[in-house]
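I have placed the structure first, in the form of structure tokens, so that the comments after it can refer back to it.
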Amino acid sequence: MNAHVTLTVNGRAVSFLVESRMLLVDLLRDGLRLTGTKVGCDTGQCGACTVLLDGRSVKSCSVLALQAHGGEVVTIEGAHGGHADRLRRALGEEYAVQCGFCTAGVVLSLTDLLDHRPEPSEAEIRSWLAGNLCRCTGYHSMVRAGLAASARPADEP
């Protein structure tokens, strides 16, 4: 069964005819060529496919495209300004990036956290990162980056 889905992706209105079983991650990657959203486990465990849907982080391999109908999606390609930029900078400064496969999901997950809790504790950041797997850097540097990004002034790039 096919259905129309209309949503806003990175500020741009898009509309597609999709199969009812199509996942949001596939619509983003195959339909819109937004390949910053990675496909890792395809089971919602690794967090590499994390995007913001209506301001909340979701694992796009666990969301049907139809479930996003009418929603606003932000991928790593569209995450600019505010916490996202401060997180990118802090992740580099804290050496929290190696292969980069998990980075987009980490940035968007922590953006969601900082958008809703601007000054999280170390324990809150660790808990929030539980849905993002990284085999390269470990999590200590990511936690430091989250703390550093939350401490930066809002107008700092």
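By order of appearance in the structure tokens: chains A, B, ..., then residues from 1 within every chain, and ligands from 1 in the order shown.
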Which residues of segment 59-145 of chain A come within 6 Å of segment 38-55 of chain A, and what is each one's closest atom pair and distance in Å (one decimal), counting only C-alpha atoms, sorted by chain and residue number, as a tab-separated table?
```
residue	atom	partner	partner_atom	distance
A:Lys59	CA	A:Thr50	CA	4.4
A:Ser60	CA	A:Cys49	CA	5.5
A:Cys61	CA	A:Asp42	CA	5.7
A:Ser62	CA	A:Gly44	CA	5.7
A:Gly71	CA	A:Asp54	CA	5.9
A:Glu72	CA	A:Asp54	CA	5.0
A:Val73	CA	A:Leu53	CA	4.6
A:Val74	CA	A:Leu52	CA	5.0
A:Thr75	CA	A:Val51	CA	5.1
A:Cys102	CA	A:Ala48	CA	5.0
A:Gly105	CA	A:Thr50	CA	4.6
A:Gly131	CA	A:Gly47	CA	5.7
A:Asn132	CA	A:Gly47	CA	4.4
A:Leu133	CA	A:Cys46	CA	4.9
```
(message) I need the residues in chain A that are helix (DSSP H, G or I) according to DSSP; give them as JSON, numbers by chain.
(response) {"A": [24, 25, 26, 27, 28, 29, 30, 31, 60, 61, 62, 65, 66, 67, 68, 76, 77, 78, 82, 83, 84, 85, 86, 87, 88, 89, 90, 91, 92, 93, 103, 104, 105, 106, 107, 108, 109, 110, 111, 112, 113, 114, 115, 116, 122, 123, 124, 125, 126, 127, 128, 129, 130, 131, 140, 141, 142, 143, 144, 145, 146, 147, 148, 149, 150, 151]}
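Counting only C-alpha atoms, the residue from A:Leu7, A:Ala151, A:Ala123, A:Met142 that sits nearest to Ala65 of chain A is A:Leu7.
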Could you pull the residues within 10 Å of segment 114-117 of chain A, counting only C-alpha atoms, minus those fewer than 6 positions along the same chain, as a PDB file with N, CA and C atoms, in the first residue's frame?
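What ended up in result07.pdb:
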```
ATOM      1  N   GLY A  55      11.555  18.404  17.105  1.00  0.00           N
ATOM      2  CA  GLY A  55      12.363  18.870  18.221  1.00  0.00           C
ATOM      3  C   GLY A  55      12.835  17.807  19.185  1.00  0.00           C
ATOM      4  N   ARG A  56      12.550  16.549  18.891  1.00  0.00           N
ATOM      5  CA  ARG A  56      12.977  15.454  19.776  1.00  0.00           C
ATOM      6  C   ARG A  56      13.825  14.466  18.998  1.00  0.00           C
ATOM      7  N   GLY A  82      23.197  27.428  17.405  1.00  0.00           N
ATOM      8  CA  GLY A  82      22.894  26.985  18.758  1.00  0.00           C
ATOM      9  C   GLY A  82      23.740  25.841  19.264  1.00  0.00           C
ATOM     10  N   HIS A  83      23.068  24.927  19.934  1.00  0.00           N
ATOM     11  CA  HIS A  83      23.764  23.817  20.573  1.00  0.00           C
ATOM     12  C   HIS A  83      24.481  22.914  19.572  1.00  0.00           C
ATOM     13  N   ALA A  84      23.907  22.728  18.396  1.00  0.00           N
ATOM     14  CA  ALA A  84      24.529  21.837  17.413  1.00  0.00           C
ATOM     15  C   ALA A  84      25.926  22.319  17.044  1.00  0.00           C
ATOM     16  N   LEU A  87      28.266  21.931  20.020  1.00  0.00           N
ATOM     17  CA  LEU A  87      28.610  20.519  20.216  1.00  0.00           C
ATOM     18  C   LEU A  87      29.649  20.059  19.205  1.00  0.00           C
ATOM     19  N   LEU A 108      23.044  15.167  17.328  1.00  0.00           N
ATOM     20  CA  LEU A 108      21.601  15.412  17.382  1.00  0.00           C
ATOM     21  C   LEU A 108      20.994  14.953  18.701  1.00  0.00           C
ATOM     22  N   GLU A 124      23.482  12.987  33.681  1.00  0.00           N
ATOM     23  CA  GLU A 124      22.409  13.132  32.695  1.00  0.00           C
ATOM     24  C   GLU A 124      22.942  12.956  31.272  1.00  0.00           C
ATOM     25  N   ILE A 125      24.115  13.496  31.006  1.00  0.00           N
ATOM     26  CA  ILE A 125      24.705  13.339  29.677  1.00  0.00           C
ATOM     27  C   ILE A 125      25.017  11.869  29.422  1.00  0.00           C
ATOM     28  N   GLY A 146      29.918  17.414  25.907  1.00  0.00           N
ATOM     29  CA  GLY A 146      28.562  17.855  26.274  1.00  0.00           C
ATOM     30  C   GLY A 146      28.588  18.899  27.367  1.00  0.00           C
ATOM     31  N   LEU A 147      29.437  18.680  28.361  1.00  0.00           N
ATOM     32  CA  LEU A 147      29.574  19.655  29.447  1.00  0.00           C
ATOM     33  C   LEU A 147      30.154  20.971  28.924  1.00  0.00           C
ATOM     34  N   ALA A 149      30.019  22.172  25.831  1.00  0.00           N
ATOM     35  CA  ALA A 149      29.043  22.850  24.969  1.00  0.00           C
ATOM     36  C   ALA A 149      27.967  23.523  25.793  1.00  0.00           C
ATOM     37  N   SER A 150      27.564  22.901  26.885  1.00  0.00           N
ATOM     38  CA  SER A 150      26.522  23.515  27.727  1.00  0.00           C
ATOM     39  C   SER A 150      27.040  24.737  28.464  1.00  0.00           C
TER      40      SER A 150
END
```
(request) Can you pull out every residue within 8 Å of Leu17 of chain A, counting only C-alpha atoms, but drop anything in the same chain fewer than 6 positions away, and send it as a list of chain:residue names? (result)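 Within the cut-off, the hits are A:Asn2, A:Ala3, A:His4, A:Val5.
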(request) Using DSSP on the backbone, list every residue of chain A that comes out as strand (DSSP E or B), and give them as a PyMOL selection string. (result) chain A and resi 2-9+12-19+23+50-53+56-59+64+72-74
(request) State, in Å with one decimal place, the distance from atom CA of Tyr95 of chain A to atom CA of Ala145 of chain A. (result) 8.6 Å
(request) Could you check which of A:Cys99, A:Ser121, A:Glu94, A:Ser57 is closest to Tyr139 of chain A, using only C-alpha atoms? (result)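 For Tyr139 of chain A, the nearest of the candidates is A:Glu94.
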(request) In Å, rounded to a single decimal, give me how far atom CA of Val58 of chain A is from atom CA of Arg33 of chain A. (result)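 Answer for the atom CA of Arg33 of chain A to atom CA of Val58 of chain A separation: 18.9 Å.
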(message) Which residue is closest to Gly138 of chain A? Choose from A:Leu110, A:Ala96, A:Leu23, A:Ala104 and count only C-alpha atoms.
(response)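 Of all the options, A:Ala96 lies closest to Gly138 of chain A.
For the choices A:Leu129, A:Cys134, A:Leu24, A:Leu113, the atom-to-atom distance to Ala68 of chain A is smallest for A:Leu24 when using only C-alpha atoms.
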(request) Measuring atom to atom with only C-alpha atoms, identify which of A:Val97, A:Val106, A:Leu28, A:Val63 is nearest to Cys136 of chain A. (result) A:Val97
(request) Counting only C-alpha atoms, figure out which residue out of A:Val143, A:Val107, A:Leu64, A:Leu34 gets nearest to Asp85 of chain A. (result)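 When distances to Asp85 of chain A are compared using only C-alpha atoms, the smallest one comes from A:Val107.
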(request) Figure out the distance between atom CA of His69 of chain A and atom CA of Met22 of chain A, please, to one decimal in Å. (result)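 These two atoms are separated by 12.2 Å.
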